[in-house]
$ cat query_34.pdb   # PDB, C-alpha atoms, pLDDT in the B column
ATOM      1  CA  MET U   1      -4.495 -11.888   1.924  1.00 40.00           C
ATOM      2  CA  ARG U   2      -3.160 -10.157  -1.180  1.00 44.00           C
ATOM      3  CA  LEU U   3       0.424  -8.938  -0.947  1.00 44.00           C
ATOM      4  CA  ASN U   4       1.328  -5.452  -2.091  1.00 53.00           C
ATOM      5  CA  SER U   5       4.418  -4.847  -4.196  1.00 84.00           C
ATOM      6  CA  ASN U   6       6.575  -3.963  -1.163  1.00 85.00           C
ATOM      7  CA  ASP U   7       5.646  -7.259   0.520  1.00 88.00           C
ATOM      8  CA  LYS U   8       6.581  -9.135  -2.653  1.00 92.00           C
ATOM      9  CA  ILE U   9       9.954  -7.369  -2.747  1.00 93.00           C
ATOM     10  CA  ILE U  10      10.624  -8.333   0.890  1.00 93.00           C
ATOM     11  CA  GLN U  11       9.639 -11.953   0.226  1.00 94.00           C
ATOM     12  CA  LYS U  12      11.901 -12.097  -2.825  1.00 95.00           C
ATOM     13  CA  ALA U  13      14.827 -10.708  -0.809  1.00 96.00           C
ATOM     14  CA  ASN U  14      14.183 -13.224   1.979  1.00 96.00           C
ATOM     15  CA  ARG U  15      14.128 -16.117  -0.498  1.00 97.00           C
ATOM     16  CA  LEU U  16      17.447 -14.964  -1.958  1.00 97.00           C
ATOM     17  CA  LEU U  17      19.023 -14.737   1.510  1.00 96.00           C
ATOM     18  CA  CYS U  18      17.863 -18.268   2.250  1.00 96.00           C
ATOM     19  CA  ARG U  19      19.122 -19.664  -1.071  1.00 97.00           C
ATOM     20  CA  ALA U  20      22.471 -17.825  -0.998  1.00 97.00           C
ATOM     21  CA  GLY U  21      23.062 -18.562   2.683  1.00 96.00           C
ATOM     22  CA  SER U  22      24.770 -15.211   3.245  1.00 95.00           C
ATOM     23  CA  ARG U  23      24.173 -11.469   3.477  1.00 95.00           C
ATOM     24  CA  GLU U  24      27.640 -10.734   2.061  1.00 97.00           C
ATOM     25  CA  PRO U  25      26.977  -8.945  -1.238  1.00 97.00           C
ATOM     26  CA  ARG U  26      29.973 -10.286  -3.172  1.00 97.00           C
ATOM     27  CA  HIS U  27      28.997 -13.831  -2.165  1.00 98.00           C
ATOM     28  CA  ILE U  28      25.441 -13.167  -3.355  1.00 98.00           C
ATOM     29  CA  CYS U  29      26.764 -11.805  -6.668  1.00 98.00           C
ATOM     30  CA  GLN U  30      28.879 -14.923  -7.127  1.00 98.00           C
ATOM     31  CA  PHE U  31      25.918 -17.142  -6.190  1.00 98.00           C
ATOM     32  CA  LEU U  32      23.754 -15.372  -8.788  1.00 98.00           C
ATOM     33  CA  GLY U  33      26.419 -15.379 -11.493  1.00 97.00           C
ATOM     34  CA  ILE U  34      26.785 -11.586 -11.567  1.00 98.00           C
ATOM     35  CA  THR U  35      30.220 -10.244 -12.494  1.00 98.00           C
ATOM     36  CA  VAL U  36      31.338  -7.239 -10.418  1.00 98.00           C
ATOM     37  CA  ILE U  37      33.675  -4.805 -12.160  1.00 97.00           C
ATOM     38  CA  GLU U  38      35.117  -1.753 -10.459  1.00 97.00           C
ATOM     39  CA  ALA U  39      35.140   1.308 -12.703  1.00 95.00           C
ATOM     40  CA  PRO U  40      36.447   4.887 -12.493  1.00 95.00           C
ATOM     41  CA  PHE U  41      33.034   6.592 -12.460  1.00 93.00           C
ATOM     42  CA  LYS U  42      33.168  10.314 -11.773  1.00 91.00           C
ATOM     43  CA  GLN U  43      29.880  10.590  -9.842  1.00 88.00           C
ATOM     44  CA  GLN U  44      27.761   7.490 -10.271  1.00 89.00           C
ATOM     45  CA  LYS U  45      28.261   4.896  -7.543  1.00 93.00           C
ATOM     46  CA  GLY U  46      27.146   1.860  -9.510  1.00 93.00           C
ATOM     47  CA  VAL U  47      25.081   0.463 -12.326  1.00 90.00           C
ATOM     48  CA  TYR U  48      23.524  -2.900 -13.148  1.00 91.00           C
ATOM     49  CA  LYS U  49      23.623  -3.938 -16.786  1.00 90.00           C
ATOM     50  CA  VAL U  50      22.787  -7.044 -18.806  1.00 90.00           C
ATOM     51  CA  ILE U  51      25.004  -7.391 -21.877  1.00 89.00           C
ATOM     52  CA  GLU U  52      24.358 -10.323 -24.206  1.00 87.00           C
ATOM     53  CA  ARG U  53      22.655 -12.275 -21.384  1.00 89.00           C
ATOM     54  CA  ASN U  54      25.611 -11.701 -19.051  1.00 93.00           C
ATOM     55  CA  ARG U  55      24.861  -9.819 -15.845  1.00 95.00           C
ATOM     56  CA  TYR U  56      27.229  -7.129 -14.558  1.00 95.00           C
ATOM     57  CA  ILE U  57      27.459  -4.683 -11.718  1.00 96.00           C
ATOM     58  CA  PHE U  58      29.818  -1.797 -12.389  1.00 96.00           C
ATOM     59  CA  LEU U  59      30.944  -0.289  -9.096  1.00 96.00           C
ATOM     60  CA  LYS U  60      32.729   3.030  -8.500  1.00 96.00           C
ATOM     61  CA  GLU U  61      36.238   1.972  -7.566  1.00 96.00           C
ATOM     62  CA  ASP U  62      37.014   4.595  -4.912  1.00 96.00           C
ATOM     63  CA  LEU U  63      33.997   4.077  -2.645  1.00 96.00           C
ATOM     64  CA  ASN U  64      34.617   3.147   0.978  1.00 94.00           C
ATOM     65  CA  PRO U  65      33.924  -0.526   1.792  1.00 95.00           C
ATOM     66  CA  VAL U  66      30.596   0.167   3.547  1.00 93.00           C
ATOM     67  CA  MET U  67      29.265   2.166   0.587  1.00 94.00           C
ATOM     68  CA  LYS U  68      30.514  -0.495  -1.857  1.00 96.00           C
ATOM     69  CA  ASP U  69      28.420  -3.094  -0.026  1.00 96.00           C
ATOM     70  CA  ILE U  70      25.346  -0.842   0.020  1.00 95.00           C
ATOM     71  CA  VAL U  71      25.664  -0.145  -3.710  1.00 95.00           C
ATOM     72  CA  LEU U  72      26.127  -3.869  -4.422  1.00 97.00           C
ATOM     73  CA  TRP U  73      22.958  -4.744  -2.458  1.00 96.00           C
ATOM     74  CA  HIS U  74      21.097  -2.029  -4.371  1.00 94.00           C
ATOM     75  CA  GLU U  75      22.306  -3.320  -7.747  1.00 95.00           C
ATOM     76  CA  ILE U  76      21.472  -6.909  -6.737  1.00 97.00           C
ATOM     77  CA  GLY U  77      17.971  -5.539  -6.179  1.00 95.00           C
ATOM     78  CA  HIS U  78      17.903  -4.355  -9.790  1.00 93.00           C
ATOM     79  CA  ASP U  79      19.052  -7.795 -10.915  1.00 95.00           C
ATOM     80  CA  GLN U  80      16.273  -9.523  -9.031  1.00 95.00           C
ATOM     81  CA  LEU U  81      13.515  -6.982  -9.692  1.00 92.00           C
ATOM     82  CA  HIS U  82      14.315  -5.171 -12.942  1.00 89.00           C
ATOM     83  CA  ARG U  83      16.461  -7.443 -15.097  1.00 86.00           C
ATOM     84  CA  LYS U  84      14.331  -6.854 -18.188  1.00 81.00           C
ATOM     85  CA  GLU U  85      14.770  -3.099 -17.896  1.00 78.00           C
ATOM     86  CA  ALA U  86      18.546  -3.424 -17.354  1.00 71.00           C
ATOM     87  CA  THR U  87      19.154  -3.764 -21.062  1.00 71.00           C
ATOM     88  CA  GLN U  88      17.915  -0.168 -21.415  1.00 65.00           C
ATOM     89  CA  PHE U  89      19.807   1.546 -18.553  1.00 49.00           C
ATOM     90  CA  GLN U  90      22.175   4.324 -19.480  1.00 49.00           C
ATOM     91  CA  GLU U  91      24.625   6.051 -17.135  1.00 43.00           C
ATOM     92  CA  PHE U  92      22.379   8.514 -15.345  1.00 40.00           C
ATOM     93  CA  ASN U  93      21.357   9.009 -11.755  1.00 42.00           C
ATOM     94  CA  LEU U  94      19.861   5.655 -10.790  1.00 41.00           C
ATOM     95  CA  PHE U  95      19.459   6.341  -7.089  1.00 46.00           C
ATOM     96  CA  ASP U  96      16.800   9.056  -6.890  1.00 46.00           C
ATOM     97  CA  MET U  97      13.826   7.313  -5.284  1.00 44.00           C
ATOM     98  CA  THR U  98      11.651  10.417  -5.520  1.00 44.00           C
ATOM     99  CA  THR U  99      11.399  10.186  -9.311  1.00 49.00           C
ATOM    100  CA  ASN U 100      11.944   6.533 -10.037  1.00 79.00           C
ATOM    101  CA  ARG U 101       9.974   3.646  -8.526  1.00 83.00           C
ATOM    102  CA  MET U 102      12.647   1.135  -9.576  1.00 85.00           C
ATOM    103  CA  GLU U 103      15.220   2.949  -7.448  1.00 86.00           C
ATOM    104  CA  TYR U 104      12.970   2.880  -4.400  1.00 87.00           C
ATOM    105  CA  GLU U 105      12.326  -0.837  -4.941  1.00 90.00           C
ATOM    106  CA  ALA U 106      16.058  -1.583  -5.287  1.00 92.00           C
ATOM    107  CA  ASN U 107      16.758   0.355  -2.076  1.00 91.00           C
ATOM    108  CA  LEU U 108      14.004  -1.521  -0.249  1.00 92.00           C
ATOM    109  CA  PHE U 109      15.444  -4.824  -1.495  1.00 95.00           C
ATOM    110  CA  ALA U 110      18.920  -3.667  -0.371  1.00 95.00           C
ATOM    111  CA  ALA U 111      17.679  -2.812   3.127  1.00 94.00           C
ATOM    112  CA  GLN U 112      16.106  -6.244   3.496  1.00 94.00           C
ATOM    113  CA  LEU U 113      19.260  -8.011   2.281  1.00 95.00           C
ATOM    114  CA  ALA U 114      21.727  -5.899   4.225  1.00 95.00           C
ATOM    115  CA  LEU U 115      20.307  -5.630   7.721  1.00 95.00           C
ATOM    116  CA  ASP U 116      19.522  -8.541  10.004  1.00 94.00           C
ATOM    117  CA  GLU U 117      16.174  -7.940  11.668  1.00 91.00           C
ATOM    118  CA  GLU U 118      17.052  -9.665  14.956  1.00 93.00           C
ATOM    119  CA  GLN U 119      20.222  -7.612  15.358  1.00 95.00           C
ATOM    120  CA  LEU U 120      18.340  -4.429  14.504  1.00 93.00           C
ATOM    121  CA  TRP U 121      15.663  -5.280  17.103  1.00 90.00           C
ATOM    122  CA  GLU U 122      18.387  -5.679  19.731  1.00 94.00           C
ATOM    123  CA  TYR U 123      19.725  -2.218  18.981  1.00 94.00           C
ATOM    124  CA  ILE U 124      16.232  -0.681  19.004  1.00 90.00           C
ATOM    125  CA  LEU U 125      15.443  -2.310  22.364  1.00 89.00           C
ATOM    126  CA  GLN U 126      18.721  -0.922  23.730  1.00 93.00           C
ATOM    127  CA  GLY U 127      17.405   2.538  22.851  1.00 91.00           C
ATOM    128  CA  MET U 128      19.958   3.260  20.150  1.00 92.00           C
ATOM    129  CA  ASP U 129      19.124   5.919  17.578  1.00 91.00           C
ATOM    130  CA  ASP U 130      19.362   5.379  13.831  1.00 89.00           C
ATOM    131  CA  VAL U 131      22.823   6.981  13.558  1.00 91.00           C
ATOM    132  CA  SER U 132      24.237   4.691  16.252  1.00 94.00           C
ATOM    133  CA  ILE U 133      22.536   1.655  14.736  1.00 95.00           C
ATOM    134  CA  ALA U 134      23.964   2.461  11.299  1.00 93.00           C
ATOM    135  CA  LYS U 135      27.475   2.694  12.763  1.00 94.00           C
ATOM    136  CA  ALA U 136      27.056  -0.541  14.724  1.00 96.00           C
ATOM    137  CA  MET U 137      25.747  -2.372  11.650  1.00 95.00           C
ATOM    138  CA  TYR U 138      28.297  -0.850   9.235  1.00 93.00           C
ATOM    139  CA  SER U 139      25.513   0.696   7.232  1.00 92.00           C
ATOM    140  CA  ASP U 140      23.882   3.995   6.361  1.00 91.00           C
ATOM    141  CA  THR U 141      21.158   5.748   8.356  1.00 90.00           C
ATOM    142  CA  ASN U 142      18.907   5.837   5.306  1.00 89.00           C
ATOM    143  CA  LEU U 143      19.136   2.077   4.848  1.00 91.00           C
ATOM    144  CA  VAL U 144      18.387   1.634   8.568  1.00 92.00           C
ATOM    145  CA  ALA U 145      15.333   3.893   8.197  1.00 89.00           C
ATOM    146  CA  LEU U 146      14.081   1.830   5.241  1.00 89.00           C
ATOM    147  CA  LYS U 147      14.545  -1.404   7.210  1.00 90.00           C
ATOM    148  CA  VAL U 148      12.703   0.047  10.230  1.00 87.00           C
ATOM    149  CA  SER U 149       9.858   1.029   7.887  1.00 84.00           C
ATOM    150  CA  ILE U 150       9.756  -2.590   6.676  1.00 84.00           C
ATOM    151  CA  MET U 151       9.703  -3.861  10.250  1.00 83.00           C
ATOM    152  CA  SER U 152       6.955  -1.447  11.313  1.00 78.00           C
ATOM    153  CA  ARG U 153       4.554  -2.681   8.635  1.00 65.00           C
ATOM    154  CA  PRO U 154       3.223  -5.808  10.405  1.00 59.00           C
ATOM    155  CA  GLY U 155       1.828  -3.631  13.217  1.00 62.00           C
ATOM    156  CA  TYR U 156       4.836  -3.000  15.421  1.00 61.00           C
ATOM    157  CA  ASN U 157       4.723   0.419  17.001  1.00 62.00           C
ATOM    158  CA  LEU U 158       8.077   1.727  15.784  1.00 62.00           C
ATOM    159  CA  ARG U 159       9.101   5.289  15.149  1.00 61.00           C
ATOM    160  CA  VAL U 160      10.415   5.255  11.607  1.00 60.00           C
ATOM    161  CA  PRO U 161      13.408   7.588  11.329  1.00 60.00           C
ATOM    162  CA  GLU U 162      13.438  10.198   8.605  1.00 60.00           C
ATOM    163  CA  HIS U 163      15.561   9.324   5.607  1.00 57.00           C
ATOM    164  CA  ARG U 164      16.658  10.949   2.405  1.00 56.00           C
ATOM    165  CA  ASN U 165      15.260   9.371  -0.712  1.00 56.00           C
ATOM    166  CA  ASP U 166      18.382  10.174  -2.703  1.00 59.00           C
ATOM    167  CA  PHE U 167      20.966   8.841  -0.252  1.00 58.00           C
ATOM    168  CA  LEU U 168      22.871   6.860  -2.891  1.00 60.00           C
ATOM    169  CA  LYS U 169      23.065   9.831  -5.232  1.00 55.00           C
TER     170      LYS U 169
END
$ encode --input "query_34.pdb" --output "structure tokens"
Amino acid sequence: MRLNSNDKIIQKANRLLCRAGSREPRHICQFLGITVIEAPFKQQKGVYKVIERNRYIFLKEDLNPVMKDIVLWHEIGHDQLHRKEATQFQEFNLFDMTTNRMEYEANLFAAQLALDEEQLWEYILQGMDDVSIAKAMYSDTNLVALKVSIMSRPGYNLRVPEHRNDFLK
């Protein structure tokens, strides 16, 4: 069976979780050798950049802790999926999945890293909606929707919640 690009992204995220031994994004950054620097961005929430072979995530300093984690997982996705392109990134809107395939891929990677499938299944079986699940998992409804879409792929009959493609904008 040939894997599509989404399946490869999920497998890569799963391998990283196994190797790092944690879902905690700062631990994963440390494990990967990525330096996290908080910066006073006006609008942008984060950016991944490679400078002289050193890997950095610049993170908007005044984000709430939940959003900081989500942005870190997203930028870790860029590190693992788009490192070559990171030497070309400028400060522009990196989170619009409708116009940029790399942003969708980084968000998909983030959803796989961030949300434990077994815990999510428990909440789904309890009948919780996506808003309640996001609160219980200290996440965002859009990330929950992406994870449910991942989980529904192998043939599970799940209702995939609607999500905004630009939720990290």
$ resolve_selection --input "query_34.pdb" --expression "the PyMOL selection byres ((chain U and resi 80) around 10)" --output "ChimeraX atom specification"
/U:9,12-13,16,32,75-79,81-84,106,109
$ write_last_selection --input "query_34.pdb" --atoms "C-alpha atoms" --output "CSV table (one decimal), in the coordinates of the input"
chain,number,residue,atom,x,y,z
U,9,ILE,CA,10.0,-7.4,-2.7
U,12,LYS,CA,11.9,-12.1,-2.8
U,13,ALA,CA,14.8,-10.7,-0.8
U,16,LEU,CA,17.4,-15.0,-2.0
U,32,LEU,CA,23.8,-15.4,-8.8
U,75,GLU,CA,22.3,-3.3,-7.7
U,76,ILE,CA,21.5,-6.9,-6.7
U,77,GLY,CA,18.0,-5.5,-6.2
U,78,HIS,CA,17.9,-4.4,-9.8
U,79,ASP,CA,19.1,-7.8,-10.9
U,81,LEU,CA,13.5,-7.0,-9.7
U,82,HIS,CA,14.3,-5.2,-12.9
U,83,ARG,CA,16.5,-7.4,-15.1
U,84,LYS,CA,14.3,-6.9,-18.2
U,106,ALA,CA,16.1,-1.6,-5.3
U,109,PHE,CA,15.4,-4.8,-1.5
$ residues_around --input "query_34.pdb" --residues "range 113-115 of chain U" --least-positions-apart "4" --cutoff "12 Å" --atoms "all atoms listed in the file" --output "JSON, numbers by chain"
{"U": [9, 10, 11, 12, 13, 14, 15, 16, 17, 18, 20, 21, 22, 23, 24, 25, 26, 28, 66, 67, 68, 69, 70, 71, 72, 73, 74, 75, 76, 77, 80, 106, 107, 108, 109, 119, 120, 121, 123, 133, 134, 136, 137, 138, 139, 140, 141, 142, 143, 144, 145, 146, 147, 148, 150, 151]}
$ closest_residue --input "query_34.pdb" --among "U:Glu105, U:Asp62, U:Glu85, U:Glu117" --to "Ser152 in chain U" --atoms "all atoms listed in the file"
U:Glu117
$ resolve_selection --input "query_34.pdb" --expression "the PyMOL selection byres ((chain U and resi 39) around 12)" --output "list in words"
Val36, Ile37, Glu38, Pro40, Phe41, Lys42, Gln43, Gln44, Lys45, Gly46, Val47, Tyr56, Ile57, Phe58, Leu59, Lys60, Glu61, Asp62, Leu63 and Lys68 of chain U
$ atom_distance --input "query_34.pdb" --atom1 "CA of Val131 in chain U" --atom2 "CA of Tyr104 in chain U"
20.9 Å
